[in-house]
$ cat upload-v9.cif   # mmCIF, C-alpha atoms
data_upload
#
loop_
_atom_site.group_PDB
_atom_site.id
_atom_site.type_symbol
_atom_site.label_atom_id
_atom_site.label_comp_id
_atom_site.auth_asym_id
_atom_site.auth_seq_id
_atom_site.Cartn_x
_atom_site.Cartn_y
_atom_site.Cartn_z
ATOM 1 C CA ILE A 1 89.217 124.444 -61.607
ATOM 2 C CA ARG A 2 88.362 122.446 -58.467
ATOM 3 C CA ALA A 3 87.005 123.838 -55.194
ATOM 4 C CA THR A 4 86.742 121.844 -51.956
ATOM 5 C CA VAL A 5 85.044 122.931 -48.762
ATOM 6 C CA SER A 6 85.683 121.454 -45.323
ATOM 7 C CA ALA A 7 84.460 122.028 -41.780
ATOM 8 C CA GLY A 8 84.161 120.003 -38.565
ATOM 9 C CA PRO A 9 83.157 116.386 -38.436
ATOM 10 C CA GLU A 10 80.785 115.474 -41.301
ATOM 11 C CA SER A 11 78.682 112.460 -41.999
ATOM 12 C CA SER A 12 79.931 112.491 -45.614
ATOM 13 C CA THR A 13 82.474 114.441 -47.657
ATOM 14 C CA GLU A 14 81.374 113.088 -51.036
ATOM 15 C CA ASN A 15 79.638 116.335 -51.995
ATOM 16 C CA ASN A 16 82.293 118.718 -50.685
ATOM 17 C CA THR A 17 84.080 119.161 -54.021
ATOM 18 C CA ALA A 18 82.988 120.781 -57.244
ATOM 19 C CA GLU A 19 84.886 121.482 -60.425
ATOM 20 C CA THR A 20 84.424 123.253 -63.770
ATOM 21 C CA THR A 21 86.387 123.358 -67.003
ATOM 22 C CA ILE A 22 87.454 126.646 -68.573
ATOM 23 C CA THR A 23 88.547 126.636 -72.203
ATOM 24 C CA TYR A 24 90.991 129.393 -73.194
ATOM 25 C CA ILE A 25 90.058 131.192 -76.429
ATOM 26 C CA GLN A 26 92.694 133.311 -78.138
ATOM 27 C CA GLY A 27 91.486 136.933 -78.466
ATOM 28 C CA HIS A 28 91.922 138.532 -81.856
ATOM 29 C CA VAL A 29 90.948 141.534 -83.986
ATOM 30 C CA ASP A 30 90.250 141.194 -87.716
ATOM 31 C CA LEU A 31 88.974 144.053 -89.870
ATOM 32 C CA GLU A 32 87.161 143.053 -93.052
ATOM 33 C CA VAL A 33 86.430 145.587 -95.811
ATOM 34 C CA THR A 34 83.763 145.055 -98.476
ATOM 35 C CA THR A 35 81.959 147.255 -101.008
ATOM 36 C CA PRO A 36 78.491 146.902 -102.564
ATOM 37 C CA LEU A 37 79.506 148.292 -105.983
ATOM 38 C CA SER A 38 81.161 146.539 -108.899
ATOM 39 C CA ASP A 39 83.547 148.002 -111.468
ATOM 40 C CA GLN A 40 82.175 150.803 -113.667
ATOM 41 C CA GLU A 41 82.572 152.480 -117.063
ATOM 42 C CA LEU A 42 82.577 156.296 -117.089
ATOM 43 C CA ILE A 43 83.325 159.266 -119.319
ATOM 44 C CA THR A 44 85.208 162.414 -118.379
ATOM 45 C CA GLY A 45 83.087 164.603 -116.119
ATOM 46 C CA GLU A 46 81.165 161.732 -114.504
ATOM 47 C CA LEU A 47 81.428 160.717 -110.863
ATOM 48 C CA ALA A 48 83.435 157.742 -109.618
ATOM 49 C CA SER A 49 82.695 156.452 -106.124
ATOM 50 C CA ILE A 50 83.815 153.810 -103.674
ATOM 51 C CA HIS A 51 81.724 152.744 -100.678
ATOM 52 C CA PRO A 52 83.822 150.748 -98.204
ATOM 53 C CA ILE A 53 82.083 148.924 -95.349
ATOM 54 C CA VAL A 54 84.319 147.969 -92.404
ATOM 55 C CA ARG A 55 83.465 145.129 -90.003
ATOM 56 C CA ASN A 56 85.383 143.773 -87.029
ATOM 57 C CA THR A 57 85.049 140.016 -87.433
ATOM 58 C CA GLY A 58 87.261 139.319 -84.420
ATOM 59 C CA ASN A 59 86.248 138.609 -80.827
ATOM 60 C CA MET A 60 87.933 141.669 -79.304
ATOM 61 C CA PRO A 61 87.378 145.422 -79.796
ATOM 62 C CA SER A 62 89.442 147.132 -82.501
ATOM 63 C CA GLU A 63 90.844 150.480 -81.446
ATOM 64 C CA GLY A 64 91.737 153.435 -83.664
ATOM 65 C CA VAL A 65 90.078 152.396 -86.948
ATOM 66 C CA THR A 66 91.279 154.293 -90.040
ATOM 67 C CA VAL A 67 90.393 154.026 -93.732
ATOM 68 C CA THR A 68 92.672 155.573 -96.362
ATOM 69 C CA VAL A 69 91.876 155.994 -100.061
ATOM 70 C CA PRO A 70 94.537 157.411 -102.407
ATOM 71 C CA LEU A 71 93.198 159.565 -105.246
ATOM 72 C CA PRO A 72 94.715 158.490 -108.576
ATOM 73 C CA ALA A 73 95.771 160.795 -111.382
ATOM 74 C CA GLY A 74 92.816 161.551 -113.636
ATOM 75 C CA MET A 75 90.425 162.180 -110.745
ATOM 76 C CA THR A 76 89.643 165.116 -108.463
ATOM 77 C CA ARG A 77 87.880 165.040 -105.109
ATOM 78 C CA TYR A 78 84.114 165.600 -105.170
ATOM 79 C CA SER A 79 82.700 164.668 -101.743
ATOM 80 C CA GLU A 80 82.937 162.400 -98.703
ATOM 81 C CA SER A 81 80.398 161.258 -96.116
ATOM 82 C CA GLY A 82 79.633 158.499 -93.626
ATOM 83 C CA ASP A 83 77.816 158.409 -90.285
ATOM 84 C CA PHE A 84 80.212 158.369 -87.303
ATOM 85 C CA TRP A 85 83.224 158.746 -89.596
ATOM 86 C CA ASP A 86 85.538 161.758 -89.446
ATOM 87 C CA CYS A 87 86.924 162.253 -92.960
ATOM 88 C CA ALA A 88 89.519 164.624 -94.315
ATOM 89 C CA PHE A 89 90.976 165.113 -97.786
ATOM 90 C CA GLY A 90 94.410 166.483 -98.532
ATOM 91 C CA ASP A 91 96.958 166.712 -101.323
ATOM 92 C CA THR A 92 99.606 164.896 -99.263
ATOM 93 C CA LEU A 93 97.391 163.011 -96.815
ATOM 94 C CA VAL A 94 97.896 159.428 -98.040
ATOM 95 C CA ASP A 95 101.515 158.273 -98.329
ATOM 96 C CA GLY A 96 102.528 161.781 -99.383
ATOM 97 C CA GLY A 97 99.935 161.981 -102.157
ATOM 98 C CA PRO A 98 96.319 163.142 -102.504
ATOM 99 C CA GLY A 99 93.531 161.150 -100.920
ATOM 100 C CA TRP A 100 91.073 160.648 -98.072
ATOM 101 C CA ARG A 101 91.793 159.669 -94.507
ATOM 102 C CA CYS A 102 88.750 158.693 -92.407
ATOM 103 C CA THR A 103 88.765 157.695 -88.740
ATOM 104 C CA HIS A 104 86.199 155.890 -86.590
ATOM 105 C CA GLU A 105 85.851 155.179 -82.902
ATOM 106 C CA MET A 106 86.342 151.668 -81.516
ATOM 107 C CA LEU A 107 84.549 148.824 -83.272
ATOM 108 C CA ARG A 108 83.250 146.164 -80.905
ATOM 109 C CA ALA A 109 83.624 142.481 -81.721
ATOM 110 C CA GLY A 110 81.249 141.737 -84.585
ATOM 111 C CA GLN A 111 80.351 145.416 -85.136
ATOM 112 C CA THR A 112 79.974 146.874 -88.642
ATOM 113 C CA ALA A 113 80.653 150.564 -89.198
ATOM 114 C CA ALA A 114 78.357 152.718 -91.319
ATOM 115 C CA GLN A 115 79.146 152.760 -95.015
ATOM 116 C CA LEU A 116 81.606 155.357 -96.257
ATOM 117 C CA ASP A 117 80.782 157.264 -99.447
ATOM 118 C CA LEU A 118 83.840 158.719 -101.168
ATOM 119 C CA VAL A 119 83.246 160.370 -104.535
ATOM 120 C CA ALA A 120 85.601 161.782 -107.182
ATOM 121 C CA THR A 121 85.150 163.371 -110.604
ATOM 122 C CA VAL A 122 86.839 161.778 -113.626
ATOM 123 C CA THR A 123 88.888 164.636 -115.100
ATOM 124 C CA GLY A 124 91.468 162.862 -117.228
ATOM 125 C CA GLY A 125 92.510 159.681 -118.920
ATOM 126 C CA ASP A 126 92.235 158.396 -122.465
ATOM 127 C CA PRO A 127 89.490 156.022 -123.605
ATOM 128 C CA GLY A 128 90.410 152.558 -122.396
ATOM 129 C CA ASP A 129 92.398 153.778 -119.386
ATOM 130 C CA VAL A 130 91.530 152.104 -116.077
ATOM 131 C CA LEU A 131 91.477 154.231 -112.909
ATOM 132 C CA THR A 132 91.311 152.568 -109.495
ATOM 133 C CA LEU A 133 90.045 153.656 -106.083
ATOM 134 C CA ALA A 134 91.373 151.429 -103.300
ATOM 135 C CA ALA A 135 90.183 151.646 -99.675
ATOM 136 C CA THR A 136 92.389 150.168 -96.939
ATOM 137 C CA ALA A 137 91.345 149.799 -93.298
ATOM 138 C CA SER A 138 93.774 149.683 -90.374
ATOM 139 C CA THR A 139 93.599 149.643 -86.598
ATOM 140 C CA THR A 140 95.994 150.366 -83.763
ATOM 141 C CA SER A 141 95.084 146.918 -82.380
ATOM 142 C CA THR A 142 97.068 143.888 -83.536
ATOM 143 C CA GLU A 143 95.300 141.965 -86.287
ATOM 144 C CA THR A 144 95.503 138.280 -87.107
ATOM 145 C CA THR A 145 95.544 138.936 -90.879
ATOM 146 C CA LEU A 146 95.648 141.888 -93.275
ATOM 147 C CA ASP A 147 94.488 139.904 -96.302
ATOM 148 C CA ASN A 148 90.930 141.291 -96.164
ATOM 149 C CA ASN A 149 91.738 144.919 -95.272
ATOM 150 C CA THR A 150 91.621 146.382 -98.791
ATOM 151 C CA VAL A 151 88.848 146.668 -101.389
ATOM 152 C CA ARG A 152 89.131 148.124 -104.895
ATOM 153 C CA THR A 153 86.769 149.502 -107.505
ATOM 154 C CA THR A 154 88.005 150.135 -111.048
ATOM 155 C CA PHE A 155 86.688 152.653 -113.569
ATOM 156 C CA THR A 156 87.271 152.266 -117.303
ATOM 157 C CA VAL A 157 87.324 155.578 -119.186
ATOM 158 C CA LEU A 158 85.034 155.564 -122.237
ATOM 159 C CA GLN A 159 84.944 157.765 -125.329
ATOM 160 C CA ALA A 160 82.258 160.396 -124.840
ATOM 161 C CA ALA A 161 79.509 160.652 -127.444
ATOM 162 C CA THR A 162 78.613 163.914 -129.184
ATOM 163 C CA VAL A 163 75.003 165.140 -129.253
ATOM 164 C CA ARG A 164 74.168 167.552 -132.083
ATOM 165 C CA GLY A 165 70.919 169.221 -133.064
ATOM 166 C CA THR A 166 69.127 172.262 -134.320
ATOM 167 C CA VAL A 167 66.335 174.339 -132.878
ATOM 168 C CA TRP A 168 63.958 175.191 -135.747
ATOM 169 C CA LEU A 169 60.528 176.726 -136.242
ATOM 170 C CA ASP A 170 58.037 174.009 -137.147
ATOM 171 C CA SER A 171 56.045 176.251 -139.510
ATOM 172 C CA ASP A 172 53.503 173.623 -140.547
ATOM 173 C CA ARG A 173 53.366 172.097 -137.062
ATOM 174 C CA ASP A 174 53.764 168.535 -138.298
ATOM 175 C CA GLY A 175 56.567 167.651 -135.876
ATOM 176 C CA VAL A 176 58.966 167.027 -138.792
ATOM 177 C CA TRP A 177 61.963 169.172 -139.691
ATOM 178 C CA ASP A 178 61.320 169.941 -143.350
ATOM 179 C CA ALA A 179 63.962 171.140 -145.795
ATOM 180 C CA GLU A 180 62.504 174.648 -145.999
ATOM 181 C CA GLU A 181 62.452 175.021 -142.191
ATOM 182 C CA SER A 182 65.789 176.502 -141.110
ATOM 183 C CA GLY A 183 67.304 176.954 -137.700
ATOM 184 C CA ILE A 184 66.134 179.886 -135.655
ATOM 185 C CA PRO A 185 68.804 182.599 -135.312
ATOM 186 C CA GLY A 186 68.838 183.879 -131.759
ATOM 187 C CA ALA A 187 66.306 181.308 -130.567
ATOM 188 C CA SER A 188 64.593 182.241 -127.328
ATOM 189 C CA ILE A 189 65.827 178.921 -125.876
ATOM 190 C CA GLU A 190 69.350 179.515 -124.598
ATOM 191 C CA TYR A 191 70.238 176.081 -123.212
ATOM 192 C CA ILE A 192 69.287 172.443 -123.647
ATOM 193 C CA ALA A 193 69.842 170.010 -120.778
ATOM 194 C CA VAL A 194 71.144 166.582 -121.791
ATOM 195 C CA ASN A 195 70.523 164.057 -119.032
ATOM 196 C CA SER A 196 72.918 161.194 -118.317
ATOM 197 C CA GLN A 197 71.692 157.657 -118.994
ATOM 198 C CA THR A 198 73.537 156.479 -115.890
ATOM 199 C CA ALA A 199 71.713 156.989 -112.595
ATOM 200 C CA GLY A 200 73.452 159.397 -110.248
ATOM 201 C CA GLN A 201 75.640 160.953 -112.924
ATOM 202 C CA PRO A 202 75.481 164.648 -113.839
ATOM 203 C CA GLY A 203 74.070 165.658 -117.198
ATOM 204 C CA ILE A 204 75.393 168.428 -119.425
ATOM 205 C CA VAL A 205 74.027 171.725 -120.733
ATOM 206 C CA ALA A 206 74.395 172.649 -124.413
ATOM 207 C CA THR A 207 74.379 176.297 -125.476
ATOM 208 C CA ILE A 208 72.327 177.097 -128.581
ATOM 209 C CA ASN A 209 74.250 178.973 -131.281
ATOM 210 C CA PRO A 210 72.850 182.027 -133.103
ATOM 211 C CA ASP A 211 71.864 179.828 -136.079
ATOM 212 C CA GLY A 212 69.865 177.478 -133.847
ATOM 213 C CA THR A 213 72.419 174.651 -133.789
ATOM 214 C CA TYR A 214 73.894 173.133 -130.649
ATOM 215 C CA VAL A 215 76.603 170.566 -129.837
#
$ encode --input "upload-v9.cif" --output "structure tokens"
Amino acid sequence: IRATVSAGPESSTENNTAETTITYIQGHVDLEVTTPLSDQELITGELASIHPIVRNTGNMPSEGVTVTVPLPAGMTRYSESGDFWDCAFGDTLVDGGPGWRCTHEMLRAGQTAAQLDLVATVTGGDPGDVLTLAATASTTSTETTLDNNTVRTTFTVLQAATVRGTVWLDSDRDGVWDAEESGIPGASIEYIAVNSQTAGQPGIVATINPDGTYV
């Protein structure tokens, strides 16, 4: 762009013109979805979760941001949360099937939304089956690429172990279950809590039988 100024008679016109160069940069929106968790191994009754993080890596605002996560067979909804996200779960909400649909206000260029936390309970599947939670982000703005809009976490179903035991009266108080020490019928302890070895997973409660045994 060149600008020239002129007036009446001048002693010199050499400094009457100035110019600058403007480079045109193509505006674009590009949502990128990542997750901090890797694939997991779970047993029936444990919690599976996916934690998508959405970032607008483009140089223009992205309007109408939405994340959808279908819920596969073998899982049931447990919970959903995320600051500044509005999440809903429904049986026909994602492509006619069960899943989450979460919306967010505009993401500015370079802005990262708060992490979403979507949690389901493993309720089915045989040992060795692989269940997948996939989170896909979309926007009403035109994107340059959709290659980085989806993230997946897989969950391999494991065979659950069985914990067995007996509540007995340690008559000689030696801390050893001797042959003559039998289980206590109608023990005053009604339940035993078995904690999960995996952080964040629920434990189980075993009921003690009349003969003192539990499974």
$ residues_near_point --input "upload-v9.cif" --point "(89.1, 152.3, -99.9)" --cutoff "10 Å" --atoms "only C-alpha atoms" --output "ChimeraX atom specification"
/A:33-35,49-54,67-71,99-102,116-118,132-137,149-153
$ atom_distance --input "upload-v9.cif" --atom1 "atom CA of Thr44 of chain A" --atom2 "atom CA of Gln159 of chain A"
8.4 Å
$ atom_distance --input "upload-v9.cif" --atom1 "atom CA of Ala120 of chain A" --atom2 "atom CA of Leu31 of chain A"
25.0 Å
$ atom_distance --input "upload-v9.cif" --atom1 "atom CA of Ala18 of chain A" --atom2 "atom CA of Thr4 of chain A"
6.6 Å
$ residues_near_point --input "upload-v9.cif" --point "(86.0, 140.6, -92.0)" --cutoff "6 Å" --atoms "all atoms listed in the file" --output "ChimeraX atom specification"
/A:31-32,55-57
$ closest_residue --input "upload-v9.cif" --among "A:Thr144, A:Gly8, A:Thr13, A:Gly124" --to "Gln26 of chain A" --atoms "all atoms listed in the file"
A:Thr144
$ resolve_selection --input "upload-v9.cif" --expression "the PyMOL selection byres ((chain A and resi 109) around 8)" --output "ChimeraX atom specification"
/A:29,56-62,107-108,110-111
$ write_last_selection --input "upload-v9.cif" --atoms "C-alpha atoms" --output "mmCIF file, keeping the file's coordinate frame"
data_model
loop_
_atom_site.group_PDB
_atom_site.id
_atom_site.type_symbol
_atom_site.label_atom_id
_atom_site.label_comp_id
_atom_site.auth_asym_id
_atom_site.auth_seq_id
_atom_site.Cartn_x
_atom_site.Cartn_y
_atom_site.Cartn_z
ATOM 1 C CA VAL A 29 90.948 141.534 -83.986
ATOM 2 C CA ASN A 56 85.383 143.773 -87.029
ATOM 3 C CA THR A 57 85.049 140.016 -87.433
ATOM 4 C CA GLY A 58 87.261 139.319 -84.420
ATOM 5 C CA ASN A 59 86.248 138.609 -80.827
ATOM 6 C CA MET A 60 87.933 141.669 -79.304
ATOM 7 C CA PRO A 61 87.378 145.422 -79.796
ATOM 8 C CA SER A 62 89.442 147.132 -82.501
ATOM 9 C CA LEU A 107 84.549 148.824 -83.272
ATOM 10 C CA ARG A 108 83.250 146.164 -80.905
ATOM 11 C CA GLY A 110 81.249 141.737 -84.585
ATOM 12 C CA GLN A 111 80.351 145.416 -85.136
#
$ closest_residue --input "upload-v9.cif" --among "A:Thr156, A:Thr123, A:Ser138, A:Asn209" --to "Thr66 of chain A" --atoms "only C-alpha atoms"
A:Ser138
$ residues_around --input "upload-v9.cif" --residues "Gly82 of chain A" --least-positions-apart "2" --cutoff "8 Å" --atoms "only C-alpha atoms" --output "list of chain:residue names"
A:Glu80, A:Phe84, A:Trp85, A:Asp86, A:Ala114, A:Gln115, A:Leu116, A:Asp117
$ resolve_selection --input "upload-v9.cif" --expression "the PyMOL selection byres ((chain A and resi 41) around 7)" --output "short mmCIF file (atom, residue, chain, number, x, y, z; two decimals) with C-alpha atoms, keeping the file's coordinate frame"
data_model
loop_
_atom_site.label_atom_id
_atom_site.label_comp_id
_atom_site.auth_asym_id
_atom_site.auth_seq_id
_atom_site.Cartn_x
_atom_site.Cartn_y
_atom_site.Cartn_z
CA GLN A 40 82.18 150.80 -113.67
CA LEU A 42 82.58 156.30 -117.09
CA PHE A 155 86.69 152.65 -113.57
CA THR A 156 87.27 152.27 -117.30
CA VAL A 157 87.32 155.58 -119.19
CA LEU A 158 85.03 155.56 -122.24
#
$ closest_residue --input "upload-v9.cif" --among "A:Ser182, A:Arg173, A:Asn16, A:Thr103" --to "Gly64 of chain A" --atoms "all atoms listed in the file"
A:Thr103
$ closest_residue --input "upload-v9.cif" --among "A:Gly74, A:Pro210, A:Gly175, A:Gly90" --to "Asp126 of chain A" --atoms "all atoms listed in the file"
A:Gly74
$ closest_residue --input "upload-v9.cif" --among "A:Glu180, A:Asp174, A:Asp30, A:Glu46" --to "Ser141 of chain A" --atoms "all atoms listed in the file"
A:Asp30
$ closest_residue --input "upload-v9.cif" --among "A:Pro98, A:Gly165, A:Pro127, A:Gly27" --to "Arg77 of chain A" --atoms "all atoms listed in the file"
A:Pro98
$ axis_aligned_box --input "upload-v9.cif" --around "segment 164-171 of chain A" --padding-each-side "8 Å" --output "AutoDock Vina command-line options"
--center_x 65.1 --center_y 172.1 --center_z -135.8 --size_x 34.1 --size_y 25.2 --size_z 23.4
